[in-house]
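Asker: Have a look at this one.
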Amino acid sequence: MALAKEAYRELEEVVGKEYISDDPALLDCYRYPLSHTAIHIGPYYRVYTPRGAAVLLPGSAEEVQGIVKVCNKYKVKFKPSSTFWSAWGFPLEDDTIQLDMRRMDKILEIDDKNNYAVVEPHVIGATLQAEAMKVGLNTHIHGPGASCSCLASATALGGLGPDTLYMGHHNENLLGVEWVMPDGEILKIGSVGSGLGWFCCDGPGPSLKGLVRGMVGTNGAMGVFTKCAIKLYPWPGPATLPVEGKPPAYKAVLPDNLRAYTLGFPSWKAWADSCYMIFDSGIGYVAHRQFNMFGRDLKGAMVRILSDPTRTLSDIEELLKDPEVQKMTEDMKRDYQIVLAGMTPGDIEWQDKALDKILEETGGWKVKAMLEPDLFNWSLLYMIRLGHKNLNLVFGGGYDGCFGLGGTPDFGTSGEPARVEQVTAFKVEWEKKGNVVACGGDGMMGGIGGMGGGGHSLWENFTHFDPADKASTEGTFEFFNATAKYGAEKGLGPGMEKMNDYARWTDGYTTPKEIRDRILGSAAQPEAFRYQRKFKETFNPNDLGDGYYRTLDDPDE
Amino acid sequence: MALKDELAGIVGSECVSDDPEALDAYSKDLSFVKPVKPRLIIKPGSADEVQAIVRWANQTATPLVPVSSGPPRFRGDTVPSVPGAVIVDMSGMKKIMRIDRRNRVAMIEPGVTYTELQPELAKEGLRLTTPLLPRAGKSVVASLLEREPTLIPRQLWASLDPLRCNEIIWGDGNKLVTGDAGNWTSMEDAWERKQAPAGATGPGQADFYRFVSAAQGSMGIVTWASVKCEILPAPHKLFIVPARKPDDLFDFTYRLLKFRFADELLLINNSSLAYILGDGPGGIKALMKELPPWVVLVGIAGRSILPEERVAYQEKDIADIAGKSGLKLESAVPGARGDDVLKALLSTSREPYWKLGYKAGYQDILFITTLNRTPEYIKTVKSVAEASGYPTSDIGVYVQPLHQGANVHCEFILPFDRDDSKEATGMQQLLTKASEKLIEQGAFFSRPYGIWADMAYKRDAQTTTVLKKLKGIFDPNNVMNPGKLCF
Ligand SMILES: Cc1cc2nc3c(=O)[nH]c(=O)nc-3n(C[C@H](O)[C@H](O)[C@H](O)COP(=O)(O)OP(=O)(O)OC[C@H]3O[C@@H](n4cnc5c(N)ncnc54)[C@H](O)[C@@H]3O)c2cc1C
């Protein structure tokens with residue numbers, strides 16, 4: 001059923017003619033292919049997200065409020081999205097209104113004393129970083145990289161990334177929110193609600209920040225966030241990043257107080273020990289097992305290709321035979337990247353000494369090849385800016401993460417053999433079938449500090465495939481069924497690969513209720529989803545969001 | 001069945017009291033909040049008992065007031081607002097359930113005090129950052145739940161740090177474990193798999209633990225919590241940076257906050273420091289005169305990796321930064337030695353509680369703001385005090401940077417003689433007037449005790465509406481400390 005004419009007219013009145021469309025061609029551009037990286041779902045070959053009823057581009061919180069009120073009047077579902085990187089930002093049902101927030105793209109304030117910025121939804125990491133650096137500050141850029149909305153990750157979705165160790169999880173960085181709630185009321189959370197500025201997200205009294213998000217946010221299913229304040233961090237580098245080189249081999253020669261290393265370790269125990277020592281010492285600006293997303297066996301060659309503009313993917317076979325690349329790959333087997341940023345000359349000296357001491361105690365090393373100027377400057381820029389996230393898809397055009405040994409550094413690295421090796425061995429067998437890229441089984445990438453100051457590590461095992469190839473896509477899906485089963489049997493905790501099964505099903509639409517209830521009901525604490533149902537009933541009385549909000553009906557009711 | 005017997009059926013008769021003296025003690029505190037006598041005091045020993053109590057309260061429409069810390073109490077939050085309340089005294093739940101050195105978390109029950117926890121942590125090479133000289137009987141969990149500021153801003157990634165996971169019995173009687181631990185069916189299994197309750201967020205798409213923060217017991221009762229510890233520092237030094245005006249210290253403080261240098265970091269005036277260090281009213285008075293008008297206290301600690309070197313590098317860098325602002329890093333100033341201050345900061349308060357050493361009562365005024373705005377508020381409190389005839393030299397000021405410097409806790413400490421009715425009335429008027437002015441000026445009363453609740457909620461109608469709805473979800477019968485905040 002298409003949108004009622006009257007509703008369309010009222011929506012048009014809110015945003016103006018040029019910012020609304022229900023042209024089917026345009027609506028199809030606002031669909032997402034669930035075969036490539038939806039993430040973390042499927043992959044489902046040639047399945048797309050449902051077509052929206054109209055796309056609107058609001059220009060202000062007031063317009064968003066106007067839209068939400070019309071949606072309440074006509075009981076039309078709406079789905080906001082800021083940078084549209086994944087299926088979370090796309091409807092689960094036909095005839096949903098889609099809000100493309102791109103017109104709201106202003107950095108409203110950077111407070112360089114109290115270190116925060118106030119941003120609209122379409123401010124992306126790269127822009128905020130560039131502006132912040134001008135005043136000696138930096139912003140946390142979360143995992144999917146510098147092209148993603150800062151607000152979406154801080155309020156509505158995830159928010160952890162390579163620099164989380166030093167610059168926090170975006171949940172922690174959120175200092176204030178302006179929220180057009182699903183019933184059309186505007187709530188400003190924290191000090192800004194009292195008209196006092198954007199410096200504190202908690203209070204008066206119990207903190208309503210808790211309603212905005214938890215480990216993840218409400219995934220666009222509970223209203224629209226129109227502004228937020230996020231904490232900024234020091235940047236002891238130049239006001240502009242001196243980027244040079246030909247794409248994609250960008251590099252930056254930065255002052256000596258900024259250093260990027262790839263560290264290698266003789267065992268997983270040593271690897272974990274080093275994480276704990278990093279946490280305890282407080283060193284590090286960015287720390288992440290990043291390049292391993294290309295896989296244990298391929299990362300040495302990939303790093304060579306990506307840092308050299310004359311090379312292409314087709315050089316990979318040749319590079320793999322090169323003894324130097326082989327040595328580098330071996331050195332990097334159990335690795336991670338770390339960037340040290342010295343706030344003063346003394347600070348970088350101390351951090352480097354502390355790092356050497358950690359390496360001495362754990363038997364680790366700085367991978368030599370990664371110290372060559374070209375690789376050093378390439379990886380330094382890569383880790384600071386996180387502007388290369390297209391590379392997640394570089395092998396076959398599709399990727400997704402599986403397993404997910406999220407938790408303490410000891411969790412993923414203990415067991416007999418270490419859990420990370422158990423899942424590696426499991427994946428190697430599946431790689432032999434030829435549907436996913438054979439990268440050595442270990443594509444585990446993830447933070448060395450999944451929360452500010454450290455604590456969590458190892459996140460997801462990257463699995464690369466070809467979304468245009470039916471066998472590859474379906475083979476990957478089969479593999480994910482197997483990893484989910486294996487993870488459950490081994491008590492590894494919920495893997496990434498099925499993270500969204502509760503919401504979106506194989507046809508791209510809302511998951512059937514029985515399946516959804518079974519999935520949510522088997523969580524460690526279904527009670528949480530019963531409370532979320534109450535939040536939905538209370539703050540979203542006309543149920544205008546979608547199934548991405550996890551709610552469970554009481555069996556008794 | 002009589003009320004007492006019903007409750008005795010849950011916790012055992014020895015854990016229910018209607019002793020008039022004890023009831024009297026809970027009926028009031030050292031604030032201006034109106035005394036109301038509770039009906040009974042009950043001391044649960046387990047989460048199951050707490051859950052049974054809350055369910056019983058729902059059936060019988062009995063107000064519950066959870067209390068975890070020992071006396072003296074100051075903010076009116078544990079004084080019942082309505083008659084017939086039962087005090088749920090959590091101080092008997094004292095287990096330190098686990099200390100995990102490697103992941104630096106401790107799991108504790110709400111009755112555990114700072115005095116009890118620190119020595120146990122020290123055995124494992126850990127310590128928990130504290131508020132400014134908590135009283136000896138202060139519950140760690142209650143302090144963190146009420147968002148009491150702690151002393152090391154660079155460690156505060158999250159605004160509720162170092163509080164992490166919590167087991168909560170909500171006002172509706174349901175139990176929920178929050179944070180990482182909420183994703184596990186059994187803590188024992190989790191420990192076995194080498195997991196640790198270190199992450200605070202979730203479970204699900206809400207940060208449930210934020211709803212019980214600064215709630216004054218009005219949402220639910222926490223029956224255990226995990227806290228993130230620091231490595232026991234050694235060496236550990238404390239420097240004093242003196243100045244004539246607070247503003248002179250801002251550039252320096254901002255720079256340390258930005259670089260995340262220094263450990264303990266707080267601004268304090270001579271009166272506050274005298275309340276901390278001085279001996280008896282005479283000693284305090286003399287010390288106020290001797291001490292510099294304003295100081296920043298800068299702790300520098302080494303921990304585990306090259307600790308001496310860290311302290312040396314930090315000391316040099318921080319001294320350089322001070323020099324650039326025309327300031328000096330001193331190990332002693334007239335009236336105070338860094339070592340003594342450090343000793344005080346690392347301990348719980350001596351007796352009497354440090355804010356009561358000068359006079360037999362005090363009123364504090366506390367809110368959140370940004371560092372650069374604090375001088376306006378200091379001016380306001382001084383002018384209101386002056387107009388009320390309160391000796392401005394007695395006003396203690398304590399500014400604690402929080403959340404890595406994004407904001408500060410600003411606190412005024414106003415000692416007065418409670419037994420002198422004129423002084424008490426004067427203070428009550430001063431409190432009202434100063435609070436009104438401060439809030440108008442932009443002070444954010446994020447933890448609105450007593451009279452601040454109305455003032456704070458009046459400024460933010462939508463937050464008030466949403467909070468009331470939320471309260472309706474977690475405590476539909478309003479049994480949890482009714483009458484507090486906007487409930
Ligand atoms: C390749 C890839 C890698 C990733 N890696 C990581 C990672 O390392 N760490 C991590 O945390 N996440 C990761 N993610 C998930 C990631 O969090 C999101 O994709 C990203 O945060 C959001 O950017 P986006 O462009 O997808 O945002 P959007 O598409 O704009 O939105 C993301 C979600 O937020 C909602 N939303 C957006 N704007 C608003 C608004 N204004 N109001 C209310 N709701 C809104 C949307 O509906 C959607 O549910 C990754 C995703 C991809 C595709």
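Every chain in the structure tokens has a letter given in the order shown (A, B, ...), and although residue numbers restart at 1 in each chain, ligands are simply numbered from 1 in the order shown.
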Quick one: pick out all strand (DSSP E) residues within range 341-406 of chain B from a backbone DSSP run and write them as a list in words.
Answerer: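 Checking each residue of range 341-406 of chain B, the strand (DSSP E) ones are Gly361, Tyr362, Gln363, Asp364, Ile365, Leu366, Phe367, Ile368, Thr369, Gly396, Val397, Tyr398, Val399, Gln400, Pro401 and Leu402 of chain B.
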Asker: Name the residues in contact with Pro334 in chain B at a cut-off of 10 Å, using only C-alpha atoms, excluding same-chain residues fewer than 3 positions from it; report them as a PyMOL selection string.
Answerer: chain B and resi 242+287+289-292+337
Asker: Let me make sure I understand: among A:Gly342, A:Gly284, A:Gly161, A:Pro121, which one has the smallest atom-to-atom distance to chain B if we use only C-alpha atoms?
Answerer: A:Gly342
Asker: List the neighbours of Ala4 in chain A out to 12 Å using only C-alpha atoms; skip same-chain residues closer than 4 positions along the sequence, and give me the result as a tab-separated table (two decimals) with N, CA and C atoms, in the first residue's frame.
Answerer:
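Below is the file that was written, out_38.tsv:
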chain	number	residue	atom	x	y	z
A	8	TYR	N	1.29	12.29	2.10
A	8	TYR	CA	2.41	12.78	1.29
A	8	TYR	C	2.40	14.30	1.23
A	9	ARG	N	1.20	14.84	1.02
A	9	ARG	CA	1.07	16.30	0.92
A	9	ARG	C	1.50	16.97	2.23
A	10	GLU	N	1.10	16.37	3.33
A	10	GLU	CA	1.46	16.98	4.62
A	10	GLU	C	2.97	16.89	4.86
A	11	LEU	N	3.54	15.80	4.44
A	11	LEU	CA	5.00	15.66	4.60
A	11	LEU	C	5.72	16.67	3.71
A	22	ASP	N	8.79	10.22	-4.11
A	22	ASP	CA	8.35	8.83	-4.09
A	22	ASP	C	8.52	8.21	-5.47
A	53	ALA	N	8.39	4.09	1.14
A	53	ALA	CA	7.21	4.75	0.59
A	53	ALA	C	7.58	6.11	0.04
A	54	ALA	N	8.55	6.74	0.65
A	54	ALA	CA	9.03	8.04	0.19
A	54	ALA	C	10.36	8.29	0.89
A	70	VAL	N	3.44	13.80	11.54
A	70	VAL	CA	2.60	13.32	10.43
A	70	VAL	C	2.59	11.78	10.44
A	71	CYS	N	3.75	11.20	10.65
A	71	CYS	CA	3.82	9.72	10.68
A	71	CYS	C	2.92	9.17	11.78
A	73	LYS	N	0.24	10.64	12.93
A	73	LYS	CA	-1.14	10.86	12.53
A	73	LYS	C	-1.62	9.76	11.58
A	74	TYR	N	-0.75	9.40	10.63
A	74	TYR	CA	-1.16	8.41	9.62
A	74	TYR	C	-0.66	7.00	9.92
A	75	LYS	N	-0.01	6.87	11.06
A	75	LYS	CA	0.54	5.56	11.48
A	75	LYS	C	1.47	4.97	10.40
A	76	VAL	N	2.36	5.79	9.94
A	76	VAL	CA	3.34	5.35	8.94
A	76	VAL	C	4.69	5.17	9.64
A	95	ASP	N	6.68	0.39	2.51
A	95	ASP	CA	5.92	1.61	2.82
A	95	ASP	C	6.41	2.34	4.06
A	97	ILE	N	8.63	5.34	5.59
A	97	ILE	CA	9.22	6.62	5.17
A	97	ILE	C	10.71	6.57	5.48
Asker: Only residues of chain A matter here; which ones have an atom within 6 Å of chain B, counting only C-alpha atoms? Give them as a list in words.
Answerer: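 Using only C-alpha atoms, chain A residues at most 6 Å from chain B: Asn114, Glu172, Leu187, Gly193, Ser194, Leu196, Phe199, Gly203, Pro204, Gly205, Pro206, Ser207, Gly210, Leu211, Arg213, Gly214, Met215, Val216, Gly217, Thr218, Pro234, Ser281, Gly346, Thr408, Asp410, Phe411, Gly452 and Ala524 of chain A.
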Asker: Pick out the residues no farther than 6 Å from ligand 1, counting only C-alpha atoms and all ligand atoms, and list them as a ChimeraX atom specification.
Answerer: /A:39,79-86,88-89,121,142-144,148-149,152-153,156-161,219-220,223-226,392
Asker: Looking at only C-alpha atoms, which of B:Val381, B:Val298, B:Ile108, B:Ala25 is the one that sits closest to Ile395 in chain B?
Answerer: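 Ranked by minimum distance to Ile395 in chain B, first place goes to B:Val381.
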Asker: Any chance you could list, as a PyMOL selection string, the residues in range 53-152 of chain A that come up helix (DSSP H, G or I) when DSSP is run on the backbone?
Answerer: chain A and resi 61-74+87-89+101-103+125-133+150-152
